[in-house]
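One structure is given here, and the rest of the page talks about it.
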Amino acid sequence: AQTVTQSQPEMSVQEAETVTLSCTYDTSESDYYLFWYKQPPSRQMILVIRQEAYKQQNATENRFSVNFQKAAKSFSLKISDSQLGDAAMYFCAYRPRTASKLTFGTGTRLQVTL
Amino acid sequence: GAVVSQHPSRVICKSGTSVKIECRSLDFQATTMFWYRQFPKQSLMLMATSNEGSKATYEQGVEKDKFLINHASLTLSTLTVASAHPEDSSFYICSARDRGYDGYTFGSGTRLTVV
């Protein structure tokens with residue numbers, strides 16, 4: 001069974017600093033997608049970034065970037081120049097290419113302080 | 001961008017009554033709809049997956065007769081909590097998979113409180 005593990009229940013970062021959220025996953029598949037979703041206090045799930053496993057290049061979206069280590073089954077999210085609006089729950093998620101269901105991690109709550 | 005409208009956002013109902021939650025994809029065709037339940041400070045737990053025109057596929061441990069899912073069109077899916085009880089109180093979220101783009105769009109969620 002596929003599992004997604006987020007070992008950091010809570011993280012804190014100062015405004016304008018950089019923070020990295022960890023995610024590891026377990027799968028026997030070779031072709032899959034990985035995602036980071038943000039859930040702010042409004043509870044609306046927002047896609048932050050997506051990575052396709054067959055692409056070696058790490059995905060980036062403005063201040064958000066990932067470090068995808070396929071062999072290690074690691075998929076961390078780096079948030080640069082943190083802003084107050086980045087405070088939220090962050091969920092790592094996995095989906096095999098041949099399936100439609102997402103498997104979510106347990107989430108990391110990110111606090112951003114002044 | 002793609003939008004999924006979920007209603008109601010909050011509902012309070014008496015124990016024993018049924019509650020219907022709707023999710024509509026506003027500007028795309030949702031070939032597949034996913035229904036999740038989320039307890040406070042926890043992750044999303046997939047309850048069921050529905051494809052338009054087909055019966056929903058429920059995850060292990062989810063009662064089919066209590067959580068009735070209908071996906072009658074490519075833009076509308078409903079979740080009915082039948083004979084709701086206080087233990088059904090939770091946050092329910094839908095997510096639609098776009099036929100044209102291999103992505104997922106989430107509804108804004110429904111907070112159900114059963115008293």
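Chains: A, B, ... in order of the structure tokens. Residues: from 1 per chain. Ligands: from 1, in order shown.
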Selection near Tyr90 of chain A, 12 Å with only C-alpha atoms, sequence-local residues under 6 positions removed, as a VMD selection string: (chain A and resid 6 8 to 11 20 to 23 35 to 41 43 to 49 76 to 79 104 to 111) or (chain B and resid 41 to 44)
Polymer residues at most 9 Å from Tyr104 of chain B, only C-alpha atoms, same-chain spacing of 3 or more positions, as a list in words: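 The residues satisfying every condition are Leu47 of chain A; Ala2, Ser95, Ala96, Arg97, Asp98 and Tyr101 of chain B.
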Which residue of A:Leu34, A:Val66, A:Ala71, A:Val13 approaches chain B most closely, using only C-alpha atoms: A:Leu34
Per residue of segment 2-113 of chain A within 12 Å of segment 47-60 of chain B, which atom pair is closest and at what distance in Å (one decimal), using only C-alpha atoms, listed by chain and increasing number, as a tab-separated table?
residue	atom	partner	partner_atom	distance
A:Ala99	CA	B:Thr49	CA	11.6
A:Ser100	CA	B:Thr49	CA	8.9
A:Lys101	CA	B:Thr49	CA	8.0
A:Leu102	CA	B:Thr49	CA	10.7
A:Thr103	CA	B:Met47	CA	12.0
DSSP-assigned strand (DSSP E or B) among segment 8-107 of chain B, expressed as an MDAnalysis selection string: chainID B and resid 10:13 19:25 30:38 44:51 57:58 67:73 76:81 90:98 104:106
Distance in Å - atom CA of Gln38 of chain B versus atom CA of Ser82 of chain A: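 Atom-to-atom, atom CA of Gln38 of chain B and atom CA of Ser82 of chain A are spaced 26.8 Å apart.
In this model, the gap between atom CA of Thr75 of chain B and atom CA of Ser25 of chain B comes to 4.9 Å.
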Would you kindly return, as a tab-separated table (two decimals) with N, CA and C atoms, in the first residue's frame, each protein, DNA or RNA residue with an atom no farther than 7 Å from any atom of Thr78 of chain B, considering only C-alpha atoms and excluding same-chain residues fewer than 5 positions away?
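Below is the file part12.tsv, written as the result:
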chain	number	residue	atom	x	y	z
B	20	LYS	N	-28.09	16.87	2.61
B	20	LYS	CA	-27.52	16.73	1.27
B	20	LYS	C	-26.49	17.83	1.05
B	21	ILE	N	-25.34	17.42	0.55
B	21	ILE	CA	-24.27	18.35	0.21
B	21	ILE	C	-24.05	18.28	-1.30
B	22	GLU	N	-23.98	19.43	-1.93
B	22	GLU	CA	-23.82	19.48	-3.39
B	22	GLU	C	-22.46	20.02	-3.80
B	23	CYS	N	-21.92	19.45	-4.84
B	23	CYS	CA	-20.71	19.98	-5.45
B	23	CYS	C	-20.92	20.12	-6.95
B	69	ILE	N	-23.99	8.67	-2.43
B	69	ILE	CA	-23.37	9.56	-3.40
B	69	ILE	C	-24.04	9.39	-4.75
B	70	ASN	N	-24.36	10.52	-5.35
B	70	ASN	CA	-24.95	10.54	-6.68
B	70	ASN	C	-24.12	11.43	-7.58
B	71	HIS	N	-23.80	10.94	-8.75
B	71	HIS	CA	-23.01	11.72	-9.70
B	71	HIS	C	-23.72	11.64	-11.04
